[in-house]
Structure formats: structure tokens, C-alpha cells
Amino acid sequence: PEMVVPVGEPVRIVLTSEDVVHAFYVRDFLFKRDATPGLVQRFDFLVDREGVYEGQCAEFCGLDHARMRFTVRAVSPAEFSTWLEGAGA
């Protein structure tokens with residue numbers, strides 16, 4: 001999966017898990033937050049330059065752990081607005 005975010009604007013994440021401990025980790029951001037069953041984590045982050053950043057689960061969560069990867073694509077605010085309009089269609 002891909003998360004598209006605007007550069008220079010805070011992004012709010014609401015993170016939880018239904019089964020085991022997972023983790024939202026993006027190496028280039030030097031940032032990690034655990035997703036714990038029964039606990040809701042809320043945090044903000046800000047990307048300061050455009051690009052595509054690789055993310056993954058950083059807690060061993062089971063047999064499919066290695067497949068739990070995602071990307072964060074940071075785009076200009078104008079491009080984000082255009083993307084957002086298209087995503088709603």
C-alpha cells in the first residue's frame with residue numbers, strides 16, 4: 001500500500017492493532033511507533049522534502065511479517081490536492 005502526504009504539512013496517524021503488536025516504521029524518518037492491540041496511538045509527522053520513502057512493520061508479528069511493507073509518497077501541497085480530488089472519485 002501507498003500513503004500519499006503533502007510536504008510541509010503535519011500528517012496525523014491513528015494507529016492500532018486487532019491481533020498482535022505491529023509497528024509503523026519509516027527508516028528515512030528515523031521514526032517508529034508500535035501498534036498494540038487495545039491501545040490507540042495518535043501521532044503527527046511532517047515530511048520536509050518530496051520523495052518516496054519505504055516503510056515496514058518493525059515488530060515480528062507472525063509468518064507474514066516480511067510482507068508488511070508500504071511506501072509513503074510525499075508530494076507538493078498542490079499535487080496532494082489534485083491527488084485527493086482524484087482519490088475521492
# chains A, B, ... in the order shown; residues from 1 in each chain; ligands from 1

$ select_by_dssp --residues "chain A" --states "alpha helix (DSSP H)" --output "ChimeraX atom specification"
/A:77-87

$ write_last_selection --atoms "N, CA and C atoms" --output "mmCIF file, in the first residue's frame"
data_model
loop_
_atom_site.group_PDB
_atom_site.id
_atom_site.type_symbol
_atom_site.label_atom_id
_atom_site.label_comp_id
_atom_site.auth_asym_id
_atom_site.auth_seq_id
_atom_site.Cartn_x
_atom_site.Cartn_y
_atom_site.Cartn_z
ATOM 1 N N PRO A 77 2.059 20.389 -1.888
ATOM 2 C CA PRO A 77 0.664 20.596 -1.481
ATOM 3 C C PRO A 77 -0.295 20.669 -2.675
ATOM 4 N N ALA A 78 0.135 21.295 -3.777
ATOM 5 C CA ALA A 78 -0.724 21.384 -4.965
ATOM 6 C C ALA A 78 -0.974 19.997 -5.561
ATOM 7 N N GLU A 79 0.082 19.201 -5.666
ATOM 8 C CA GLU A 79 -0.082 17.844 -6.201
ATOM 9 C C GLU A 79 -0.932 16.995 -5.251
ATOM 10 N N PHE A 80 -0.792 17.209 -3.946
ATOM 11 C CA PHE A 80 -1.601 16.475 -2.978
ATOM 12 C C PHE A 80 -3.082 16.808 -3.158
ATOM 13 N N SER A 81 -3.409 18.086 -3.353
ATOM 14 C CA SER A 81 -4.803 18.486 -3.578
ATOM 15 C C SER A 81 -5.377 17.794 -4.803
ATOM 16 N N THR A 82 -4.591 17.745 -5.874
ATOM 17 C CA THR A 82 -5.020 17.074 -7.097
ATOM 18 C C THR A 82 -5.229 15.584 -6.840
ATOM 19 N N TRP A 83 -4.285 14.965 -6.127
ATOM 20 C CA TRP A 83 -4.394 13.538 -5.805
ATOM 21 C C TRP A 83 -5.640 13.288 -4.957
ATOM 22 N N LEU A 84 -5.887 14.161 -3.985
ATOM 23 C CA LEU A 84 -7.020 14.000 -3.077
ATOM 24 C C LEU A 84 -8.351 14.079 -3.842
ATOM 25 N N GLU A 85 -8.446 14.984 -4.795
ATOM 26 C CA GLU A 85 -9.661 15.081 -5.605
ATOM 27 C C GLU A 85 -9.871 13.803 -6.412
ATOM 28 N N GLY A 86 -8.814 13.254 -6.967
ATOM 29 C CA GLY A 86 -8.911 12.023 -7.738
ATOM 30 C C GLY A 86 -9.218 10.812 -6.874
ATOM 31 N N ALA A 87 -8.706 10.797 -5.639
ATOM 32 C CA ALA A 87 -8.934 9.658 -4.751
ATOM 33 C C ALA A 87 -10.390 9.576 -4.327
#

$ residues_around --residues "segment 3-18 of chain A" --least-positions-apart "5" --cutoff "8 Å" --atoms "only C-alpha atoms" --output "MDAnalysis selection string"
chainID A and resid 35:50 70:77 79:80

$ select_by_dssp --residues "chain A" --states "strand (DSSP E)" --output "number ranges by chain"
A: 2-6, 11-15, 22-26, 31-35, 41-45, 51-56, 69-75

$ atom_distance --atom1 "atom CA of Asp28 of chain A" --atom2 "atom CA of Arg69 of chain A"
14.1 Å

$ closest_residue --among "A:Asp34, A:Arg27, A:Gly88, A:Val21" --to "Phe60 of chain A" --atoms "only C-alpha atoms"
A:Val21

$ residues_around --residues "Cys57 of chain A" --least-positions-apart "6" --cutoff "8 Å" --atoms "only C-alpha atoms" --output "PyMOL selection string"
chain A and resi 22-25+65+68-69

$ atom_distance --atom1 "atom CA of Phe29 of chain A" --atom2 "atom CA of Leu63 of chain A"
26.2 Å

$ atom_distance --atom1 "atom CA of Val52 of chain A" --atom2 "atom CA of Val20 of chain A"
27.6 Å
